[in-house]
Amino acid sequence: MTEPLDVAGLQRRLAEFAAARAWQPYHTPKNLASALSVEASELLEIFQWSTPEESARVMEDDGTAARVRDEVADVLAYLLQFCEVLGIDPLAALDAKIDRNERRFPAPE
């Protein structure tokens with residue numbers, strides 16, 4: 001039976017993967033932020049010339065859907081590695097940001 005996926009477990013797997021290849025010296029905050037930006041741009045590239053309607057149907061094409069999933073995985077991998085290096089709990093950071101946004105942008109009554 002496979003263990004359920006969680007952020008900490010994925011961060012451990014990514015750290016083990018990098019350690020096994022001696023990549024840690026390259027996993028600086030600057031390099032990881034740069035890689036994250038590049039991968040986010042590669043995700044954007046898939047949608048570059050799409051209309052809003054076409055972009056909403058992107059997962060209907062198996063080949064394009066696979067590219068989207070791969071780029072999402074790359075973005076998430078670099079984000080999780082970035083958070084690990086800097087000691088950021090990404091879920092706590094998101095939770096705190098939502099709290100701030102709820103105060104900044106209250107829902108209309």
# chains A, B, ... in the order shown; residues from 1 in each chain; ligands from 1
$ residues_around --residues "range 21-38 of chain A" --least-positions-apart "6" --cutoff "10 Å" --atoms "only C-alpha atoms" --output "ChimeraX atom specification"
/A:15,44,74-86
$ write_last_selection --atoms "N, CA and C atoms" --output "PDB file, in the first residue's frame"
ATOM      1  N   ALA A  15      14.620  16.211  -1.406  1.00  0.00           N
ATOM      2  CA  ALA A  15      15.930  16.394  -0.763  1.00  0.00           C
ATOM      3  C   ALA A  15      16.796  15.149  -0.950  1.00  0.00           C
ATOM      4  N   LEU A  44       3.324  28.722 -18.616  1.00  0.00           N
ATOM      5  CA  LEU A  44       2.657  29.800 -19.339  1.00  0.00           C
ATOM      6  C   LEU A  44       2.782  29.631 -20.849  1.00  0.00           C
ATOM      7  N   ASP A  74       6.965  20.442 -12.033  1.00  0.00           N
ATOM      8  CA  ASP A  74       8.242  21.157 -11.958  1.00  0.00           C
ATOM      9  C   ASP A  74       8.127  22.408 -11.087  1.00  0.00           C
ATOM     10  N   VAL A  75       7.049  23.171 -11.289  1.00  0.00           N
ATOM     11  CA  VAL A  75       6.830  24.382 -10.493  1.00  0.00           C
ATOM     12  C   VAL A  75       6.721  24.017  -9.016  1.00  0.00           C
ATOM     13  N   LEU A  76       5.926  23.014  -8.712  1.00  0.00           N
ATOM     14  CA  LEU A  76       5.733  22.614  -7.316  1.00  0.00           C
ATOM     15  C   LEU A  76       7.021  22.070  -6.706  1.00  0.00           C
ATOM     16  N   ALA A  77       7.765  21.295  -7.471  1.00  0.00           N
ATOM     17  CA  ALA A  77       9.032  20.743  -6.966  1.00  0.00           C
ATOM     18  C   ALA A  77       9.990  21.856  -6.576  1.00  0.00           C
ATOM     19  N   TYR A  78      10.165  22.835  -7.451  1.00  0.00           N
ATOM     20  CA  TYR A  78      11.081  23.928  -7.123  1.00  0.00           C
ATOM     21  C   TYR A  78      10.551  24.784  -5.979  1.00  0.00           C
ATOM     22  N   LEU A  79       9.245  24.993  -5.913  1.00  0.00           N
ATOM     23  CA  LEU A  79       8.683  25.763  -4.808  1.00  0.00           C
ATOM     24  C   LEU A  79       8.908  25.036  -3.479  1.00  0.00           C
ATOM     25  N   LEU A  80       8.678  23.727  -3.457  1.00  0.00           N
ATOM     26  CA  LEU A  80       8.887  22.970  -2.224  1.00  0.00           C
ATOM     27  C   LEU A  80      10.355  22.949  -1.819  1.00  0.00           C
ATOM     28  N   GLN A  81      11.250  22.841  -2.791  1.00  0.00           N
ATOM     29  CA  GLN A  81      12.679  22.874  -2.473  1.00  0.00           C
ATOM     30  C   GLN A  81      13.085  24.252  -1.954  1.00  0.00           C
ATOM     31  N   PHE A  82      12.563  25.301  -2.554  1.00  0.00           N
ATOM     32  CA  PHE A  82      12.822  26.667  -2.111  1.00  0.00           C
ATOM     33  C   PHE A  82      12.375  26.838  -0.658  1.00  0.00           C
ATOM     34  N   CYS A  83      11.176  26.384  -0.360  1.00  0.00           N
ATOM     35  CA  CYS A  83      10.653  26.486   1.009  1.00  0.00           C
ATOM     36  C   CYS A  83      11.493  25.679   1.982  1.00  0.00           C
ATOM     37  N   GLU A  84      11.929  24.513   1.574  1.00  0.00           N
ATOM     38  CA  GLU A  84      12.761  23.671   2.441  1.00  0.00           C
ATOM     39  C   GLU A  84      14.071  24.373   2.780  1.00  0.00           C
ATOM     40  N   VAL A  85      14.724  24.941   1.782  1.00  0.00           N
ATOM     41  CA  VAL A  85      16.015  25.608   1.982  1.00  0.00           C
ATOM     42  C   VAL A  85      15.879  26.805   2.927  1.00  0.00           C
ATOM     43  N   LEU A  86      14.766  27.532   2.826  1.00  0.00           N
ATOM     44  CA  LEU A  86      14.586  28.731   3.647  1.00  0.00           C
ATOM     45  C   LEU A  86      13.808  28.483   4.940  1.00  0.00           C
TER      46      LEU A  86
END
$ select_by_dssp --residues "chain A" --states "helix (DSSP H, G or I)" --output "CSV table (one decimal) with N, CA, C and O atoms, in the first residue's frame"
chain,number,residue,atom,x,y,z
A,7,VAL,N,3.1,17.2,2.0
A,7,VAL,CA,4.1,18.2,1.6
A,7,VAL,C,5.4,17.8,2.2
A,7,VAL,O,6.5,17.7,1.5
A,8,ALA,N,5.5,17.4,3.5
A,8,ALA,CA,6.7,17.1,4.1
A,8,ALA,C,7.4,15.8,3.5
A,8,ALA,O,8.6,15.8,3.3
A,9,GLY,N,6.5,14.9,3.2
A,9,GLY,CA,7.1,13.7,2.5
A,9,GLY,C,7.6,13.9,1.1
A,9,GLY,O,8.7,13.4,0.7
A,10,LEU,N,7.0,14.8,0.4
A,10,LEU,CA,7.5,15.2,-0.9
A,10,LEU,C,8.8,16.0,-0.8
A,10,LEU,O,9.7,15.8,-1.6
A,11,GLN,N,8.8,16.9,0.2
A,11,GLN,CA,10.1,17.6,0.4
A,11,GLN,C,11.2,16.7,0.7
A,11,GLN,O,12.3,16.8,0.3
A,12,ARG,N,10.9,15.7,1.6
A,12,ARG,CA,12.0,14.7,1.9
A,12,ARG,C,12.5,13.9,0.6
A,12,ARG,O,13.7,13.8,0.4
A,13,ARG,N,11.5,13.5,-0.2
A,13,ARG,CA,11.9,12.8,-1.4
A,13,ARG,C,12.7,13.7,-2.3
A,13,ARG,O,13.7,13.2,-2.9
A,14,LEU,N,12.3,14.9,-2.5
A,14,LEU,CA,13.1,15.9,-3.3
A,14,LEU,C,14.5,16.1,-2.7
A,14,LEU,O,15.5,16.1,-3.5
A,15,ALA,N,14.6,16.2,-1.4
A,15,ALA,CA,15.9,16.4,-0.8
A,15,ALA,C,16.8,15.1,-1.0
A,15,ALA,O,18.0,15.3,-1.2
A,16,GLU,N,16.2,14.0,-0.8
A,16,GLU,CA,17.0,12.7,-1.0
A,16,GLU,C,17.4,12.6,-2.4
A,16,GLU,O,18.5,12.2,-2.7
A,17,PHE,N,16.6,13.0,-3.4
A,17,PHE,CA,16.9,12.9,-4.8
A,17,PHE,C,18.1,13.8,-5.1
A,17,PHE,O,19.1,13.4,-5.7
A,18,ALA,N,18.0,15.0,-4.6
A,18,ALA,CA,19.1,16.0,-4.8
A,18,ALA,C,20.4,15.5,-4.1
A,18,ALA,O,21.5,15.6,-4.7
A,19,ALA,N,20.3,15.0,-2.9
A,19,ALA,CA,21.5,14.6,-2.1
A,19,ALA,C,22.1,13.4,-2.8
A,19,ALA,O,23.4,13.4,-2.9
A,20,ALA,N,21.4,12.5,-3.4
A,20,ALA,CA,21.9,11.3,-4.1
A,20,ALA,C,22.7,11.8,-5.3
A,20,ALA,O,23.6,11.0,-5.8
A,24,GLN,N,23.0,19.6,-3.8
A,24,GLN,CA,22.7,20.6,-2.8
A,24,GLN,C,23.5,21.9,-3.0
A,24,GLN,O,22.9,23.0,-2.7
A,25,PRO,N,24.7,21.9,-3.4
A,25,PRO,CA,25.4,23.2,-3.5
A,25,PRO,C,24.7,24.1,-4.5
A,25,PRO,O,24.9,25.4,-4.5
A,26,TYR,N,24.0,23.6,-5.4
A,26,TYR,CA,23.3,24.4,-6.5
A,26,TYR,C,21.9,24.8,-6.0
A,26,TYR,O,21.3,25.7,-6.6
A,29,PRO,N,18.8,29.6,-2.5
A,29,PRO,CA,17.5,30.4,-2.7
A,29,PRO,C,17.4,31.0,-4.0
A,29,PRO,O,16.4,31.0,-4.7
A,30,LYS,N,18.5,31.7,-4.4
A,30,LYS,CA,18.5,32.4,-5.7
A,30,LYS,C,18.3,31.4,-6.9
A,30,LYS,O,17.5,31.7,-7.8
A,31,ASN,N,19.1,30.3,-6.9
A,31,ASN,CA,19.0,29.4,-8.0
A,31,ASN,C,17.6,28.7,-8.0
A,31,ASN,O,17.0,28.5,-9.1
A,32,LEU,N,17.1,28.4,-6.9
A,32,LEU,CA,15.7,27.8,-6.8
A,32,LEU,C,14.6,28.7,-7.2
A,32,LEU,O,13.7,28.3,-8.0
A,33,ALA,N,14.8,30.0,-6.8
A,33,ALA,CA,13.8,31.0,-7.3
A,33,ALA,C,13.9,31.2,-8.8
A,33,ALA,O,12.8,31.3,-9.5
A,34,SER,N,15.1,31.2,-9.3
A,34,SER,CA,15.2,31.3,-10.8
A,34,SER,C,14.6,30.1,-11.5
A,34,SER,O,13.9,30.3,-12.5
A,35,ALA,N,14.9,28.9,-11.0
A,35,ALA,CA,14.4,27.7,-11.6
A,35,ALA,C,12.8,27.7,-11.5
A,35,ALA,O,12.2,27.3,-12.5
A,36,LEU,N,12.3,28.2,-10.4
A,36,LEU,CA,10.9,28.2,-10.3
A,36,LEU,C,10.2,29.2,-11.3
A,36,LEU,O,9.2,28.9,-11.9
A,37,SER,N,10.9,30.3,-11.5
A,37,SER,CA,10.4,31.3,-12.5
A,37,SER,C,10.5,30.7,-13.9
A,37,SER,O,9.5,30.9,-14.7
A,38,VAL,N,11.5,30.0,-14.2
A,38,VAL,CA,11.7,29.4,-15.6
A,38,VAL,C,10.6,28.3,-15.8
A,38,VAL,O,9.9,28.3,-16.8
A,39,GLU,N,10.3,27.5,-14.8
A,39,GLU,CA,9.3,26.5,-14.9
A,39,GLU,C,7.9,27.1,-15.0
A,39,GLU,O,7.1,26.6,-15.8
A,40,ALA,N,7.6,28.1,-14.2
A,40,ALA,CA,6.3,28.8,-14.4
A,40,ALA,C,6.2,29.4,-15.8
A,40,ALA,O,5.1,29.4,-16.3
A,41,SER,N,7.3,29.9,-16.3
A,41,SER,CA,7.2,30.4,-17.7
A,41,SER,C,6.9,29.3,-18.7
A,41,SER,O,6.2,29.5,-19.7
A,42,GLU,N,7.5,28.1,-18.5
A,42,GLU,CA,7.3,27.0,-19.4
A,42,GLU,C,5.8,26.6,-19.3
A,42,GLU,O,5.2,26.2,-20.3
A,43,LEU,N,5.2,26.7,-18.1
A,43,LEU,CA,3.7,26.4,-18.0
A,43,LEU,C,3.0,27.5,-18.8
A,43,LEU,O,2.0,27.1,-19.5
A,44,LEU,N,3.3,28.7,-18.6
A,44,LEU,CA,2.7,29.8,-19.3
A,44,LEU,C,2.8,29.6,-20.8
A,44,LEU,O,1.8,29.9,-21.6
A,45,GLU,N,3.9,29.1,-21.3
A,45,GLU,CA,4.2,29.0,-22.7
A,45,GLU,C,3.1,28.1,-23.4
A,45,GLU,O,2.7,28.3,-24.5
A,46,ILE,N,2.6,27.1,-22.6
A,46,ILE,CA,1.6,26.2,-23.2
A,46,ILE,C,0.3,27.0,-23.6
A,46,ILE,O,-0.3,26.6,-24.5
A,47,PHE,N,0.1,28.0,-22.8
A,47,PHE,CA,-1.2,28.8,-23.0
A,47,PHE,C,-0.9,30.1,-23.9
A,47,PHE,O,-1.9,30.8,-24.1
A,52,PRO,N,-9.2,32.4,-24.2
A,52,PRO,CA,-9.7,31.9,-22.9
A,52,PRO,C,-10.4,30.6,-23.0
A,52,PRO,O,-10.3,29.7,-22.2
A,53,GLU,N,-11.2,30.5,-24.1
A,53,GLU,CA,-12.0,29.2,-24.3
A,53,GLU,C,-11.0,28.1,-24.5
A,53,GLU,O,-11.3,27.0,-24.0
A,54,GLU,N,-10.0,28.2,-25.4
A,54,GLU,CA,-9.1,27.2,-25.6
A,54,GLU,C,-8.3,26.8,-24.4
A,54,GLU,O,-8.1,25.6,-24.1
A,55,SER,N,-7.9,27.8,-23.6
A,55,SER,CA,-7.2,27.5,-22.4
A,55,SER,C,-8.0,26.7,-21.4
A,55,SER,O,-7.5,25.8,-20.7
A,56,ALA,N,-9.3,26.9,-21.4
A,56,ALA,CA,-10.2,26.1,-20.5
A,56,ALA,C,-10.4,24.7,-20.9
A,56,ALA,O,-10.7,23.8,-20.1
A,58,VAL,N,-7.8,22.9,-22.2
A,58,VAL,CA,-6.4,22.4,-22.4
A,58,VAL,C,-6.2,20.9,-22.0
A,58,VAL,O,-5.5,20.2,-22.6
A,59,MET,N,-7.0,20.5,-21.0
A,59,MET,CA,-6.8,19.1,-20.5
A,59,MET,C,-7.5,18.1,-21.3
A,59,MET,O,-7.4,16.9,-21.1
A,60,GLU,N,-8.2,18.5,-22.3
A,60,GLU,CA,-8.9,17.6,-23.2
A,60,GLU,C,-8.0,16.9,-24.2
A,60,GLU,O,-8.3,15.8,-24.7
A,62,ASP,N,-4.7,14.8,-24.7
A,62,ASP,CA,-3.8,14.0,-23.8
A,62,ASP,C,-2.4,14.5,-23.8
A,62,ASP,O,-1.8,14.6,-22.8
A,63,GLY,N,-1.9,14.9,-25.0
A,63,GLY,CA,-0.5,15.3,-25.1
A,63,GLY,C,-0.3,16.7,-24.3
A,63,GLY,O,0.7,16.8,-23.6
A,64,THR,N,-1.2,17.6,-24.5
A,64,THR,CA,-1.1,18.9,-23.9
A,64,THR,C,-1.3,18.7,-22.4
A,64,THR,O,-0.6,19.3,-21.6
A,65,ALA,N,-2.3,17.9,-22.0
A,65,ALA,CA,-2.5,17.6,-20.6
A,65,ALA,C,-1.3,17.1,-19.9
A,65,ALA,O,-1.0,17.5,-18.8
A,66,ALA,N,-0.6,16.2,-20.6
A,66,ALA,CA,0.6,15.6,-20.0
A,66,ALA,C,1.7,16.7,-19.8
A,66,ALA,O,2.4,16.8,-18.8
A,67,ARG,N,1.8,17.6,-20.8
A,67,ARG,CA,2.8,18.8,-20.6
A,67,ARG,C,2.4,19.7,-19.5
A,67,ARG,O,3.3,20.1,-18.7
A,68,VAL,N,1.1,20.0,-19.3
A,68,VAL,CA,0.6,20.8,-18.2
A,68,VAL,C,1.0,20.1,-16.9
A,68,VAL,O,1.5,20.8,-16.0
A,69,ARG,N,0.7,18.9,-16.8
A,69,ARG,CA,1.0,18.1,-15.5
A,69,ARG,C,2.5,18.2,-15.2
A,69,ARG,O,2.9,18.4,-14.1
A,70,ASP,N,3.3,17.9,-16.2
A,70,ASP,CA,4.7,18.0,-16.0
A,70,ASP,C,5.2,19.3,-15.5
A,70,ASP,O,6.1,19.4,-14.6
A,71,GLU,N,4.7,20.4,-16.2
A,71,GLU,CA,5.2,21.7,-15.8
A,71,GLU,C,4.6,22.1,-14.4
A,71,GLU,O,5.4,22.7,-13.6
A,72,VAL,N,3.4,21.7,-14.1
A,72,VAL,CA,2.9,21.9,-12.7
A,72,VAL,C,3.8,21.2,-11.7
A,72,VAL,O,4.1,21.8,-10.6
A,73,ALA,N,4.2,20.0,-12.0
A,73,ALA,CA,5.1,19.2,-11.1
A,73,ALA,C,6.4,19.9,-10.9
A,73,ALA,O,6.9,20.0,-9.8
A,74,ASP,N,7.0,20.4,-12.0
A,74,ASP,CA,8.2,21.2,-12.0
A,74,ASP,C,8.1,22.4,-11.1
A,74,ASP,O,9.0,22.7,-10.3
A,75,VAL,N,7.0,23.2,-11.3
A,75,VAL,CA,6.8,24.4,-10.5
A,75,VAL,C,6.7,24.0,-9.0
A,75,VAL,O,7.4,24.6,-8.2
A,76,LEU,N,5.9,23.0,-8.7
A,76,LEU,CA,5.7,22.6,-7.3
A,76,LEU,C,7.0,22.1,-6.7
A,76,LEU,O,7.4,22.4,-5.6
A,77,ALA,N,7.8,21.3,-7.5
A,77,ALA,CA,9.0,20.7,-7.0
A,77,ALA,C,10.0,21.9,-6.6
A,77,ALA,O,10.6,21.8,-5.5
A,78,TYR,N,10.2,22.8,-7.5
A,78,TYR,CA,11.1,23.9,-7.1
A,78,TYR,C,10.6,24.8,-6.0
A,78,TYR,O,11.3,25.3,-5.1
A,79,LEU,N,9.2,25.0,-5.9
A,79,LEU,CA,8.7,25.8,-4.8
A,79,LEU,C,8.9,25.0,-3.5
A,79,LEU,O,9.3,25.7,-2.5
A,80,LEU,N,8.7,23.7,-3.5
A,80,LEU,CA,8.9,23.0,-2.2
A,80,LEU,C,10.4,22.9,-1.8
A,80,LEU,O,10.7,23.1,-0.6
A,81,GLN,N,11.2,22.8,-2.8
A,81,GLN,CA,12.7,22.9,-2.5
A,81,GLN,C,13.1,24.3,-2.0
A,81,GLN,O,13.9,24.4,-1.0
A,82,PHE,N,12.6,25.3,-2.6
A,82,PHE,CA,12.8,26.7,-2.1
A,82,PHE,C,12.4,26.8,-0.7
A,82,PHE,O,13.1,27.4,0.2
A,83,CYS,N,11.2,26.4,-0.4
A,83,CYS,CA,10.7,26.5,1.0
A,83,CYS,C,11.5,25.7,2.0
A,83,CYS,O,11.8,26.1,3.1
A,84,GLU,N,11.9,24.5,1.6
A,84,GLU,CA,12.8,23.7,2.4
A,84,GLU,C,14.1,24.4,2.8
A,84,GLU,O,14.5,24.4,3.9
A,85,VAL,N,14.7,24.9,1.8
A,85,VAL,CA,16.0,25.6,2.0
A,85,VAL,C,15.9,26.8,2.9
A,85,VAL,O,16.8,27.1,3.8
A,86,LEU,N,14.8,27.5,2.8
A,86,LEU,CA,14.6,28.7,3.6
A,86,LEU,C,13.8,28.5,4.9
A,86,LEU,O,13.6,29.4,5.7
A,90,PRO,N,5.1,26.0,3.6
A,90,PRO,CA,4.3,26.6,2.5
A,90,PRO,C,2.8,26.6,2.8
A,90,PRO,O,2.1,27.5,2.4
A,91,LEU,N,2.3,25.6,3.6
A,91,LEU,CA,0.9,25.6,3.9
A,91,LEU,C,0.6,26.7,4.9
A,91,LEU,O,-0.4,27.4,4.8
A,92,ALA,N,1.5,26.9,5.9
A,92,ALA,CA,1.3,28.0,6.9
A,92,ALA,C,1.4,29.3,6.2
A,92,ALA,O,0.6,30.3,6.5
A,93,ALA,N,2.3,29.5,5.3
A,93,ALA,CA,2.5,30.7,4.6
A,93,ALA,C,1.2,31.0,3.8
A,93,ALA,O,0.8,32.2,3.8
A,94,LEU,N,0.7,30.0,3.1
A,94,LEU,CA,-0.6,30.3,2.3
A,94,LEU,C,-1.7,30.6,3.2
A,94,LEU,O,-2.5,31.5,2.9
A,95,ASP,N,-1.8,29.9,4.3
A,95,ASP,CA,-2.9,30.1,5.3
A,95,ASP,C,-2.9,31.6,5.8
A,95,ASP,O,-3.9,32.3,5.8
A,96,ALA,N,-1.7,32.0,6.2
A,96,ALA,CA,-1.5,33.4,6.7
A,96,ALA,C,-1.8,34.4,5.6
A,96,ALA,O,-2.4,35.5,5.8
A,97,LYS,N,-1.4,34.1,4.3
A,97,LYS,CA,-1.7,35.0,3.2
A,97,LYS,C,-3.2,35.1,2.9
A,97,LYS,O,-3.7,36.2,2.7
A,98,ILE,N,-3.9,34.0,3.0
A,98,ILE,CA,-5.4,34.0,2.9
A,98,ILE,C,-6.0,34.9,4.0
A,98,ILE,O,-6.9,35.7,3.7
A,99,ASP,N,-5.5,34.7,5.2
A,99,ASP,CA,-6.0,35.6,6.3
A,99,ASP,C,-5.9,37.0,6.0
A,99,ASP,O,-6.8,37.8,6.2
A,100,ARG,N,-4.6,37.4,5.6
A,100,ARG,CA,-4.4,38.8,5.2
A,100,ARG,C,-5.3,39.3,4.1
A,100,ARG,O,-5.8,40.4,4.1
A,101,ASN,N,-5.5,38.5,3.1
A,101,ASN,CA,-6.3,38.9,1.9
A,101,ASN,C,-7.8,39.0,2.3
A,101,ASN,O,-8.5,39.9,1.8
A,102,GLU,N,-8.2,38.2,3.3
A,102,GLU,CA,-9.6,38.3,3.7
A,102,GLU,C,-9.8,39.6,4.4
A,102,GLU,O,-10.9,40.2,4.3
A,103,ARG,N,-8.8,40.1,5.2
A,103,ARG,CA,-8.9,41.4,5.8
A,103,ARG,C,-8.8,42.5,4.8
A,103,ARG,O,-9.5,43.5,4.9
A,104,ARG,N,-7.9,42.4,3.8
A,104,ARG,CA,-7.7,43.4,2.8
A,104,ARG,C,-8.8,43.6,1.8
A,104,ARG,O,-9.1,44.7,1.4
